[in-house]
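Pasted below: entry-v5.cif, mmCIF, C-alpha atoms.
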data_work
#
loop_
_atom_site.label_atom_id
_atom_site.label_comp_id
_atom_site.auth_asym_id
_atom_site.auth_seq_id
_atom_site.Cartn_x
_atom_site.Cartn_y
_atom_site.Cartn_z
CA MET A 19 0.00 0.00 0.00
CA ALA A 20 2.90 2.35 0.70
CA LEU A 21 4.49 1.84 -2.70
CA PRO A 22 1.97 3.58 -5.02
CA SER A 23 2.00 6.71 -2.86
CA SER A 24 5.79 6.94 -2.78
CA SER A 25 6.05 6.32 -6.53
CA LEU A 26 3.44 9.04 -7.02
CA ASP A 27 5.53 11.38 -4.88
CA GLY A 28 8.61 10.53 -6.92
CA ARG A 29 6.75 11.23 -10.15
CA ARG A 30 5.50 14.57 -8.80
CA LEU A 31 8.98 15.49 -7.69
CA ARG A 32 10.43 14.68 -11.13
CA SER A 33 7.68 16.65 -12.83
CA GLU A 34 8.34 19.61 -10.54
CA ARG A 35 12.04 19.37 -11.33
CA THR A 36 11.28 19.36 -15.06
CA ARG A 37 9.08 22.43 -14.60
CA GLN A 38 11.89 24.20 -12.82
CA THR A 39 14.46 23.23 -15.46
CA ILE A 40 12.16 24.62 -18.16
CA MET A 41 11.78 27.94 -16.33
CA GLU A 42 15.51 28.18 -15.73
CA ALA A 43 16.16 27.53 -19.42
CA TYR A 44 13.71 30.35 -20.20
CA ILE A 45 15.57 32.72 -17.85
CA GLU A 46 18.94 31.76 -19.34
CA LEU A 47 17.65 32.58 -22.84
CA LEU A 48 16.28 35.95 -21.67
CA ARG A 49 19.68 36.82 -20.24
CA GLU A 50 21.32 36.06 -23.58
CA ARG A 51 18.78 37.85 -25.77
CA PRO A 52 16.23 40.46 -24.68
CA GLU A 53 13.15 38.90 -26.29
CA ILE A 54 10.66 36.15 -25.47
CA PRO A 55 12.03 32.84 -26.80
CA THR A 56 9.89 30.32 -28.66
CA ALA A 57 8.70 27.11 -26.99
CA ALA A 58 11.05 25.15 -29.27
CA GLN A 59 14.05 27.24 -28.16
CA ILE A 60 13.16 26.78 -24.50
CA ALA A 61 12.66 23.05 -24.94
CA ALA A 62 16.00 22.69 -26.75
CA ARG A 63 17.81 24.61 -24.00
CA ALA A 64 16.13 22.62 -21.23
CA GLY A 65 16.80 19.32 -22.95
CA PHE A 66 13.13 18.32 -23.16
CA SER A 67 10.58 18.06 -25.94
CA THR A 68 8.23 20.96 -26.76
CA ARG A 69 5.41 18.63 -25.76
CA SER A 70 6.77 18.29 -22.24
CA ILE A 71 6.54 22.10 -21.91
CA PHE A 72 2.87 22.11 -22.80
CA GLU A 73 2.18 19.18 -20.51
CA ARG A 74 3.23 21.43 -17.63
CA PHE A 75 2.16 24.91 -18.81
CA VAL A 76 -1.13 25.78 -20.51
CA ASP A 77 0.59 27.97 -23.10
CA LEU A 78 3.63 30.23 -23.57
CA GLN A 79 1.91 33.02 -21.62
CA GLY A 80 1.36 30.69 -18.69
CA LEU A 81 5.01 29.66 -18.85
CA SER A 82 6.07 33.35 -19.00
CA LEU A 83 4.05 34.22 -15.90
CA ALA A 84 5.26 31.16 -13.98
CA THR A 85 8.83 32.08 -14.93
CA VAL A 86 8.40 35.65 -13.65
CA ASP A 87 7.09 34.23 -10.36
CA HIS A 88 9.97 31.76 -10.20
CA ALA A 89 12.49 34.54 -10.94
CA PHE A 90 10.93 36.74 -8.25
CA ALA A 91 11.11 33.91 -5.70
CA MET A 92 14.77 33.32 -6.62
CA GLY A 93 15.49 37.05 -6.37
CA GLU A 94 13.85 37.21 -2.95
CA ALA A 95 15.79 34.20 -1.72
CA GLN A 96 19.06 35.77 -2.87
CA ALA A 97 18.21 39.13 -1.30
CA VAL A 98 17.50 38.44 2.33
CA ALA A 99 17.20 41.61 4.42
CA ARG A 100 20.33 41.94 6.56
CA ASN A 101 21.45 44.38 9.27
CA VAL A 102 17.91 45.63 9.80
CA ASP A 103 18.91 46.82 13.29
CA GLY A 104 22.29 48.22 12.30
CA ASP A 105 23.28 51.87 12.45
CA ARG A 106 22.37 54.17 9.56
CA ALA A 107 25.56 53.62 7.54
CA THR A 108 25.37 49.84 7.96
CA ARG A 109 21.73 49.69 6.90
CA LEU A 110 22.39 51.91 3.90
CA GLN A 111 25.35 49.83 2.77
CA SER A 112 23.51 46.57 3.32
CA HIS A 113 20.33 47.64 1.53
CA VAL A 114 22.17 49.13 -1.44
CA GLU A 115 24.48 46.14 -1.92
CA THR A 116 21.58 43.70 -1.78
CA ARG A 117 19.58 45.77 -4.23
CA ALA A 118 22.57 46.20 -6.52
CA HIS A 119 23.15 42.45 -6.67
CA THR A 120 19.48 41.94 -7.54
CA CYS A 121 19.71 44.52 -10.33
CA GLU A 122 22.93 43.05 -11.64
CA ARG A 123 21.43 39.55 -11.82
CA TRP A 124 17.92 40.36 -12.95
CA LEU A 125 18.11 43.48 -15.13
CA PRO A 126 17.99 41.56 -18.46
CA VAL A 127 14.93 39.59 -17.33
CA TRP A 128 13.28 42.74 -15.94
CA ARG A 129 13.75 44.51 -19.28
CA VAL A 130 11.91 41.80 -21.18
CA VAL A 131 9.11 41.73 -18.61
CA VAL A 132 8.68 45.52 -18.79
CA ALA A 133 8.85 45.52 -22.58
CA ASN A 134 6.03 42.99 -22.77
CA GLN A 135 3.79 44.34 -20.04
CA GLY A 136 1.51 45.97 -22.60
CA LYS A 137 0.53 42.56 -23.92
CA LEU A 138 -0.57 41.01 -20.66
CA GLU A 139 -2.43 42.44 -17.67
CA ASP A 140 -1.06 39.64 -15.43
CA LEU A 141 2.46 40.78 -16.27
CA ARG A 142 1.58 44.35 -15.27
CA ALA A 143 0.26 43.03 -11.96
CA ARG A 144 3.57 41.21 -11.37
CA ILE A 145 5.54 44.40 -12.09
CA ARG A 146 3.39 46.29 -9.56
CA PHE A 147 3.96 43.53 -7.02
CA ILE A 148 7.74 43.61 -7.51
CA ARG A 149 7.78 47.40 -7.14
CA GLN A 150 5.78 47.08 -3.93
CA ALA A 151 8.33 44.56 -2.63
CA ILE A 152 11.14 47.04 -3.37
CA VAL A 153 9.28 49.75 -1.44
CA LYS A 154 8.53 47.38 1.46
CA ARG A 155 12.20 46.52 1.75
CA MET A 156 13.03 50.23 2.07
CA GLU A 157 10.33 50.66 4.67
CA LEU A 158 11.98 47.88 6.63
CA MET A 159 15.56 49.08 6.22
CA TYR A 160 14.89 52.77 6.86
CA ARG A 161 12.15 52.44 9.47
CA PRO A 162 13.81 54.75 12.05
CA GLU A 163 14.24 57.58 9.53
CA LEU A 164 10.84 57.13 7.88
CA GLU A 165 9.03 57.11 11.20
CA VAL A 166 9.78 60.79 11.77
CA LEU A 167 7.91 61.77 8.59
CA SER A 168 4.18 62.32 8.03
CA ALA A 169 2.37 59.67 5.96
CA GLU A 170 2.41 61.91 2.88
CA GLU A 171 6.08 62.82 3.24
CA ARG A 172 6.93 59.16 3.73
CA ARG A 173 5.03 58.16 0.60
CA ASP A 174 6.70 60.90 -1.44
CA LEU A 175 10.16 59.98 -0.23
CA LEU A 176 9.62 56.30 -0.97
CA ILE A 177 8.43 57.11 -4.49
CA ALA A 178 11.58 59.13 -5.11
CA LEU A 179 13.84 56.49 -3.57
CA GLU A 180 12.21 53.81 -5.67
CA SER A 181 13.00 55.79 -8.83
CA LEU A 182 16.58 56.19 -7.70
CA ILE A 183 17.13 52.45 -7.17
CA ASP A 184 15.15 51.30 -10.19
CA PHE A 185 16.60 48.49 -12.32
CA GLU A 186 17.10 50.87 -15.25
CA SER A 187 18.82 53.43 -13.06
CA TRP A 188 21.33 50.70 -12.17
CA GLY A 189 21.62 49.73 -15.83
CA ARG A 190 22.41 53.30 -16.85
CA MET A 191 25.10 53.68 -14.20
CA ARG A 192 26.78 50.43 -15.26
CA GLU A 193 26.26 50.49 -19.04
CA GLY A 194 25.75 54.17 -19.88
CA HIS A 195 28.13 55.84 -17.42
CA GLY A 196 30.55 52.93 -17.12
CA LEU A 197 30.64 52.90 -13.30
CA SER A 198 32.03 49.88 -11.50
CA PHE A 199 29.79 47.88 -9.17
CA GLU A 200 31.33 49.63 -6.15
CA GLU A 201 31.12 53.14 -7.66
CA ALA A 202 27.47 52.61 -8.58
CA CYS A 203 26.72 51.36 -5.06
CA SER A 204 28.47 54.40 -3.65
CA VAL A 205 26.27 56.76 -5.76
CA TRP A 206 23.14 55.13 -4.35
CA VAL A 207 24.45 55.09 -0.77
CA ARG A 208 25.34 58.79 -0.82
CA MET A 209 22.11 59.84 -2.49
CA ILE A 210 19.87 57.83 -0.18
CA ASP A 211 21.82 59.24 2.75
CA ARG A 212 21.13 62.76 1.51
CA MET A 213 17.44 62.07 0.94
CA LEU A 214 16.67 60.40 4.24
CA PRO A 215 15.90 62.64 7.21
CA PRO A 216 18.29 62.53 10.19
CA THR A 217 18.16 59.30 12.21
CA PRO A 218 16.34 59.91 15.49
CA PRO A 219 18.24 58.97 18.66
CA ALA A 220 17.69 55.33 19.65
CA ARG A 221 14.97 54.76 22.27
CA PRO A 222 16.29 53.64 25.67
CA MET B 15 12.47 85.34 -68.74
CA SER B 16 13.18 87.12 -65.48
CA THR B 17 9.63 86.42 -64.23
CA THR B 18 10.07 82.68 -64.91
CA THR B 19 13.39 82.43 -63.08
CA ALA B 20 12.03 84.35 -60.15
CA SER B 21 8.84 82.29 -59.76
CA ARG B 22 10.46 78.85 -60.06
CA PRO B 23 12.35 78.84 -56.73
CA ALA B 24 9.26 80.29 -55.05
CA ARG B 25 7.15 77.43 -56.43
CA ILE B 26 9.73 74.86 -55.31
CA ASP B 27 9.84 76.46 -51.87
CA GLY B 28 6.06 76.28 -51.64
CA ARG B 29 6.09 72.61 -52.63
CA ARG B 30 8.84 71.86 -50.12
CA LEU B 31 6.95 73.69 -47.44
CA ARG B 32 3.78 71.70 -48.15
CA SER B 33 5.71 68.43 -48.16
CA GLU B 34 7.35 69.37 -44.87
CA ARG B 35 3.96 70.20 -43.43
CA THR B 36 2.59 66.81 -44.57
CA LYS B 37 5.57 65.10 -42.93
CA GLN B 38 4.84 66.92 -39.71
CA LEU B 39 1.15 65.97 -39.79
CA ILE B 40 2.06 62.32 -40.32
CA ILE B 41 4.42 62.42 -37.33
CA GLU B 42 1.77 64.12 -35.21
CA ALA B 43 -0.79 61.50 -36.22
CA TYR B 44 1.65 58.74 -35.21
CA LEU B 45 2.26 60.42 -31.82
CA ALA B 46 -1.47 60.91 -31.24
CA LEU B 47 -2.11 57.20 -31.90
CA LEU B 48 0.67 56.24 -29.48
CA ARG B 49 -0.80 58.38 -26.72
CA GLU B 50 -4.26 56.91 -27.26
CA ASN B 51 -3.13 53.32 -27.42
CA PRO B 52 0.30 52.90 -25.83
CA VAL B 53 -0.01 49.08 -26.02
CA THR B 54 0.52 49.29 -29.79
CA PRO B 55 4.02 50.71 -30.25
CA MET B 56 3.72 50.77 -34.02
CA PRO B 57 0.28 51.40 -35.49
CA THR B 58 -0.20 50.28 -39.09
CA ALA B 59 0.61 52.68 -41.92
CA ALA B 60 -3.09 52.63 -42.84
CA ARG B 61 -4.10 53.81 -39.34
CA ILE B 62 -1.48 56.58 -39.36
CA ALA B 63 -2.50 57.68 -42.85
CA GLU B 64 -6.17 57.73 -41.88
CA ARG B 65 -5.48 59.80 -38.77
CA ALA B 66 -3.30 62.26 -40.71
CA GLY B 67 -5.81 62.54 -43.54
CA TYR B 68 -3.43 61.32 -46.23
CA SER B 69 -2.95 58.18 -48.29
CA VAL B 70 -0.65 55.34 -47.21
CA ARG B 71 1.42 56.15 -50.29
CA SER B 72 2.09 59.67 -49.06
CA ILE B 73 3.61 58.20 -45.88
CA PHE B 74 6.04 56.03 -47.82
CA GLU B 75 6.89 58.90 -50.15
CA ARG B 76 8.28 60.70 -47.10
CA PHE B 77 9.56 57.83 -44.93
CA PRO B 78 11.24 54.72 -46.44
CA ASP B 79 9.69 52.58 -43.68
CA LEU B 80 7.87 52.89 -40.36
CA ASN B 81 11.11 52.64 -38.37
CA LYS B 82 12.29 55.83 -40.08
CA LEU B 83 8.98 57.46 -39.17
CA ARG B 84 9.58 56.47 -35.54
CA ALA B 85 13.09 57.97 -35.63
CA ALA B 86 11.70 61.15 -37.23
CA ALA B 87 9.08 61.31 -34.46
CA ALA B 88 11.90 61.15 -31.91
CA ASP B 89 13.68 64.07 -33.63
CA TYR B 90 10.42 65.99 -33.76
CA GLN B 91 9.81 65.46 -30.06
CA LEU B 92 13.38 66.43 -29.16
CA ALA B 93 12.97 69.65 -31.14
CA GLN B 94 9.59 70.28 -29.55
CA ALA B 95 10.99 69.74 -26.06
CA ALA B 96 13.73 72.27 -26.75
CA ALA B 97 11.27 74.79 -28.17
CA LEU B 98 8.57 74.41 -25.52
CA ALA B 99 10.86 74.07 -22.56
CA PRO B 100 13.57 76.74 -22.58
CA PRO B 101 15.41 77.15 -19.26
CA ARG B 102 13.65 79.67 -17.06
CA ASN B 103 14.61 81.38 -13.79
CA ILE B 104 18.24 80.26 -14.04
CA ASP B 105 19.23 83.12 -11.75
CA GLY B 106 16.41 82.61 -9.29
CA ASP B 107 16.79 81.44 -5.70
CA ARG B 108 17.11 77.72 -4.96
CA HIS B 109 13.41 77.04 -4.58
CA THR B 110 12.48 78.99 -7.72
CA ARG B 111 15.07 77.13 -9.78
CA ILE B 112 14.04 73.71 -8.51
CA LYS B 113 10.36 74.42 -9.12
CA SER B 114 11.05 75.82 -12.58
CA GLN B 115 13.22 72.87 -13.64
CA VAL B 116 10.76 70.35 -12.26
CA GLU B 117 7.73 71.91 -13.94
CA THR B 118 9.52 72.13 -17.27
CA ARG B 119 10.70 68.52 -17.02
CA ALA B 120 7.26 67.36 -15.92
CA GLY B 121 5.67 68.99 -18.99
CA THR B 122 8.21 67.28 -21.24
CA CYS B 123 7.52 63.92 -19.55
CA ASP B 124 3.76 64.30 -19.77
CA ARG B 125 3.99 65.02 -23.50
CA GLY B 126 6.75 62.57 -24.31
CA VAL B 127 6.31 59.44 -22.23
CA ALA B 128 4.32 57.47 -24.84
CA LEU B 129 7.02 57.81 -27.51
CA TRP B 130 9.79 57.44 -24.94
CA ARG B 131 8.50 53.97 -24.02
CA VAL B 132 8.45 52.95 -27.65
CA LEU B 133 12.03 54.16 -28.11
CA ILE B 134 13.27 52.34 -25.03
CA PHE B 135 11.54 49.09 -25.94
CA SER B 136 12.68 49.21 -29.56
CA ILE B 137 16.23 50.35 -28.98
CA ASP B 138 17.75 46.88 -29.31
CA GLN B 139 16.14 46.35 -32.70
CA ASP B 140 16.84 49.78 -34.19
CA GLU B 141 20.32 51.32 -34.13
CA ASP B 142 18.90 54.71 -35.21
CA LEU B 143 17.22 55.10 -31.83
CA LYS B 144 20.33 54.82 -29.65
CA PRO B 145 21.80 58.26 -30.41
CA ARG B 146 18.36 59.86 -29.98
CA VAL B 147 17.83 58.35 -26.55
CA ARG B 148 21.38 59.35 -25.60
CA THR B 149 20.75 62.92 -26.77
CA ALA B 150 17.52 63.13 -24.77
CA ARG B 151 19.31 61.99 -21.60
CA GLU B 152 22.26 64.32 -22.21
CA ARG B 153 19.90 67.26 -22.63
CA THR B 154 18.20 66.46 -19.34
CA ILE B 155 21.58 66.41 -17.60
CA GLU B 156 22.74 69.60 -19.35
CA ARG B 157 19.59 71.35 -18.22
CA MET B 158 20.17 70.35 -14.62
CA GLU B 159 23.76 71.53 -14.86
CA ILE B 160 22.43 74.97 -15.85
CA MET B 161 19.64 75.08 -13.29
CA TYR B 162 21.66 73.83 -10.32
CA ARG B 163 25.00 75.44 -11.17
CA PRO B 164 25.45 77.18 -7.78
CA GLU B 165 24.91 73.97 -5.81
CA LEU B 166 26.86 71.74 -8.22
CA SER B 167 29.80 74.15 -8.21
CA THR B 168 30.47 73.23 -4.57
CA LEU B 169 31.10 69.57 -5.48
CA SER B 170 34.21 67.85 -6.83
CA GLU B 171 34.03 66.76 -10.47
CA ARG B 172 33.35 63.15 -9.47
CA ASP B 173 30.67 64.05 -6.96
CA ARG B 174 29.05 66.40 -9.48
CA LYS B 175 28.92 63.62 -12.06
CA HIS B 176 27.40 61.22 -9.54
CA MET B 177 24.88 63.80 -8.38
CA LEU B 178 23.75 64.40 -11.97
CA ILE B 179 23.40 60.66 -12.58
CA ALA B 180 21.15 60.40 -9.53
CA LEU B 181 19.13 63.49 -10.43
CA GLU B 182 18.58 62.10 -13.90
CA ALA B 183 17.39 58.79 -12.43
CA ILE B 184 14.92 60.52 -10.14
CA THR B 185 13.50 62.66 -12.97
CA ASP B 186 13.36 59.87 -15.54
CA MET B 187 10.31 59.67 -17.82
CA GLU B 188 9.30 56.33 -16.30
CA SER B 189 9.61 57.77 -12.82
CA TRP B 190 7.14 60.45 -13.87
CA ALA B 191 4.82 57.93 -15.48
CA ARG B 192 4.79 55.77 -12.34
CA MET B 193 3.82 58.71 -10.16
CA ARG B 194 0.96 59.55 -12.48
CA GLU B 195 -0.24 56.07 -13.46
CA LEU B 196 0.70 53.77 -10.57
CA TYR B 197 0.38 56.16 -7.63
CA GLY B 198 -2.35 58.26 -9.23
CA LEU B 199 -0.70 61.59 -8.34
CA SER B 200 -1.91 64.79 -9.99
CA PHE B 201 0.54 66.84 -12.05
CA GLU B 202 1.06 69.19 -9.09
CA GLU B 203 1.47 66.40 -6.54
CA ALA B 204 4.00 64.62 -8.74
CA CYS B 205 5.92 67.88 -9.20
CA GLY B 206 5.90 68.24 -5.41
CA VAL B 207 7.54 64.81 -5.00
CA TRP B 208 10.34 65.77 -7.38
CA VAL B 209 10.83 69.24 -5.88
CA ARG B 210 11.25 67.84 -2.37
CA ALA B 211 13.49 64.98 -3.53
CA ILE B 212 15.80 67.29 -5.48
CA ASP B 213 15.91 69.76 -2.60
CA ARG B 214 17.06 66.97 -0.28
CA MET B 215 19.65 65.69 -2.76
CA LEU B 216 21.32 68.97 -3.70
CA PRO B 217 24.08 70.30 -1.44
CA PRO B 218 23.46 73.62 0.35
CA THR B 219 23.38 76.67 -1.92
CA PRO B 220 26.57 78.67 -1.43
CA SER B 221 26.11 82.26 -0.33
CA VAL B 222 26.59 84.79 -3.13
#
Turn this file's structure into structure tokens for me.
Amino acid sequence: MALPSSSLDGRRLRSERTRQTIMEAYIELLRERPEIPTAAQIAARAGFSTRSIFERFVDLQGLSLATVDHAFAMGEAQAVARNVDGDRATRLQSHVETRAHTCERWLPVWRVVVANQGKLEDLRARIRFIRQAIVKRMELMYRPELEVLSAEERRDLLIALESLIDFESWGRMREGHGLSFEEACSVWVRMIDRMLPPTPPARP
Amino acid sequence: MSTTTASRPARIDGRRLRSERTKQLIIEAYLALLRENPVTPMPTAARIAERAGYSVRSIFERFPDLNKLRAAAADYQLAQAAALAPPRNIDGDRHTRIKSQVETRAGTCDRGVALWRVLIFSIDQDEDLKPRVRTARERTIERMEIMYRPELSTLSERDRKHMLIALEAITDMESWARMRELYGLSFEEACGVWVRAIDRMLPPTPSV
């Protein structure tokens, strides 16, 4: 009686692994070329048949959305919030470096997602969700400074900070202005430091 | 004889002027369609012709293909931005200069974001667009150099460069579009966000 269940689990696990391999092949192709690949290209890269893609995803749109979700989950796992209780300089450095690594890894994928958002409402919803996550991270990292502001001032500051640390802003610093990873981080650190209000004294 | 020679260049000039005007109307029709339906980055030639009130043939008499029309639209918008948004209040106090720069930039963003998105999304497929996007960004930076000269003059060359990079990021077209579309801010509210952000970012204004 135990055998069918465990073989079912094994089959599920393999199928889940195949799903993941397909999405990772998709991401790899996006990194190489900024356009949505065909199902045949994805299948060839993943080492499966085109049929096995459509056994797991309703269509290419479904695969695209699942891949964005998978990429977001990977990005979140790689960007754990650190030094949340550190002093101002430590929090700034930690937040900026984490964000910079995310931009460095995910900018090519982000570009394709943004470029195709007009075609799919679900994609637009994902972009909104990712932007909200970026804002939430800043709310967490800069809580002491943001707390001294009114709700409206806080909202306005977060909007401006989000523009500053946008994926494309990172891309322009690295590609357009030729800054090194460290130089680009330093621009963000100094600018966020200027924009944030003074840190209130720690409560006893 | 003298009458004929005199009237010929005038006739050619008139024809050129009309053709130039037609070109402009085609570009304006393309831009209007983009603003109305930003999901379609390149409307069909038939739609553009219909909106402009000309035949499809008259489009291709003036533009070899639709990519060239898109590049011409970028030039048109760059020229329009320069004409409609000259620097104002460059000798004003800090607040006046920030407000003036922000309002001018906001107007440019409001008018230009639809085409800007098309340029950004098509840049990898069309080499003609790269220098136009670069020029647009350089002009934004040049304008800020003029408007914030007193504050920027207190910084080292490296810090000035970095400050301008950050100011350009904050006042990017997409940043404007997000404030208006995603956060639902009015024109004035969105200007307020930029004014306060720039004021925080700039170093203190040196005393005269």
Requested in this report: Could the residues of chain B within 6 Å of chain A, counting all atoms listed in the file, be given as a list in words, please?
Outcome: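 Taking all atoms listed in the file into account, Val53, Phe135, His176, Ala183, Ile184, Ser189, Val207, Arg214 and Met215 of chain B sit within 6 Å of chain A.
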Query raised in the report: Which value, in Å to one decimal, gives the distance between CA of Pro57 in chain B and CA of Val86 in chain A?
Result: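 We find that CA of Pro57 in chain B and CA of Val86 in chain A lie 28.1 Å from each other.
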Query raised in the report: For Ala62 in chain A, which residue out of A:Tyr44, A:Val76, A:Gly104, A:Arg155 is the nearest one, using only C-alpha atoms?
Result: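 Smallest separation from Ala62 in chain A among the options: A:Tyr44.
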Requested in this report: May I have the residues within 8 Å of range 74-86 of chain B as a list in words, using all atoms listed in the file and disregarding those fewer than 5 positions away in the same chain?
Outcome: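 Answer for this query is Lys37, Ile41, Met56, Ala59, Asp140, Asp142, Leu143 and Arg146 of chain B.
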Requested in this report: May I have the residues within 8 Å of Thr217 in chain A as a PyMOL selection string, using all atoms listed in the file and disregarding those fewer than 2 positions away in the same chain?
Outcome: chain A and resi 106+162-163+215+219
Requested in this report: Go through A:Leu110, A:Ala84, A:Ile40, A:Ala169 one by one, measure the shortest atom-to-atom distance of each to Thr68 in chain A using all atoms listed in the file, and give the residue with the smallest value.
Outcome: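 Among A:Leu110, A:Ala84, A:Ile40, A:Ala169, it is A:Ile40 that comes nearest to Thr68 in chain A.
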Report task. Just give me the gap between CA of Arg161 in chain A and CA of Val207 in chain A in Å, one decimal is fine. Result -> 16.2 Å
Would you kindly place N, CA and C atoms on range 34-50 of chain B and return the model as a short mmCIF file (atom, residue, chain, number, x, y, z; two decimals), keeping the file's coordinate frame?
data_model
loop_
_atom_site.label_atom_id
_atom_site.label_comp_id
_atom_site.auth_asym_id
_atom_site.auth_seq_id
_atom_site.Cartn_x
_atom_site.Cartn_y
_atom_site.Cartn_z
N GLU B 34 6.86 69.36 -46.26
CA GLU B 34 7.35 69.37 -44.87
C GLU B 34 6.18 69.36 -43.89
N ARG B 35 5.16 70.11 -44.27
CA ARG B 35 3.96 70.20 -43.43
C ARG B 35 3.26 68.82 -43.37
N THR B 36 3.20 68.15 -44.52
CA THR B 36 2.59 66.81 -44.57
C THR B 36 3.37 65.86 -43.66
N LYS B 37 4.69 65.93 -43.76
CA LYS B 37 5.57 65.10 -42.93
C LYS B 37 5.24 65.31 -41.45
N GLN B 38 5.12 66.57 -41.10
CA GLN B 38 4.84 66.92 -39.71
C GLN B 38 3.48 66.38 -39.26
N LEU B 39 2.50 66.47 -40.15
CA LEU B 39 1.15 65.97 -39.79
C LEU B 39 1.16 64.45 -39.63
N ILE B 40 1.96 63.79 -40.44
CA ILE B 40 2.06 62.32 -40.32
C ILE B 40 2.69 61.96 -38.97
N ILE B 41 3.76 62.68 -38.62
CA ILE B 41 4.42 62.42 -37.33
C ILE B 41 3.44 62.69 -36.18
N GLU B 42 2.72 63.80 -36.28
CA GLU B 42 1.77 64.12 -35.21
C GLU B 42 0.66 63.08 -35.10
N ALA B 43 0.24 62.55 -36.24
CA ALA B 43 -0.79 61.50 -36.22
C ALA B 43 -0.24 60.25 -35.53
N TYR B 44 1.01 59.90 -35.84
CA TYR B 44 1.65 58.74 -35.21
C TYR B 44 1.72 58.94 -33.69
N LEU B 45 2.14 60.14 -33.27
CA LEU B 45 2.26 60.42 -31.82
C LEU B 45 0.90 60.39 -31.14
N ALA B 46 -0.11 60.91 -31.82
CA ALA B 46 -1.47 60.91 -31.24
C ALA B 46 -1.95 59.47 -31.04
N LEU B 47 -1.69 58.62 -32.01
CA LEU B 47 -2.11 57.20 -31.90
C LEU B 47 -1.38 56.50 -30.75
N LEU B 48 -0.11 56.84 -30.59
CA LEU B 48 0.67 56.24 -29.48
C LEU B 48 0.10 56.62 -28.13
N ARG B 49 -0.26 57.90 -28.00
CA ARG B 49 -0.80 58.38 -26.72
C ARG B 49 -2.14 57.71 -26.42
N GLU B 50 -2.94 57.52 -27.47
CA GLU B 50 -4.26 56.91 -27.26
C GLU B 50 -4.17 55.43 -26.96
#
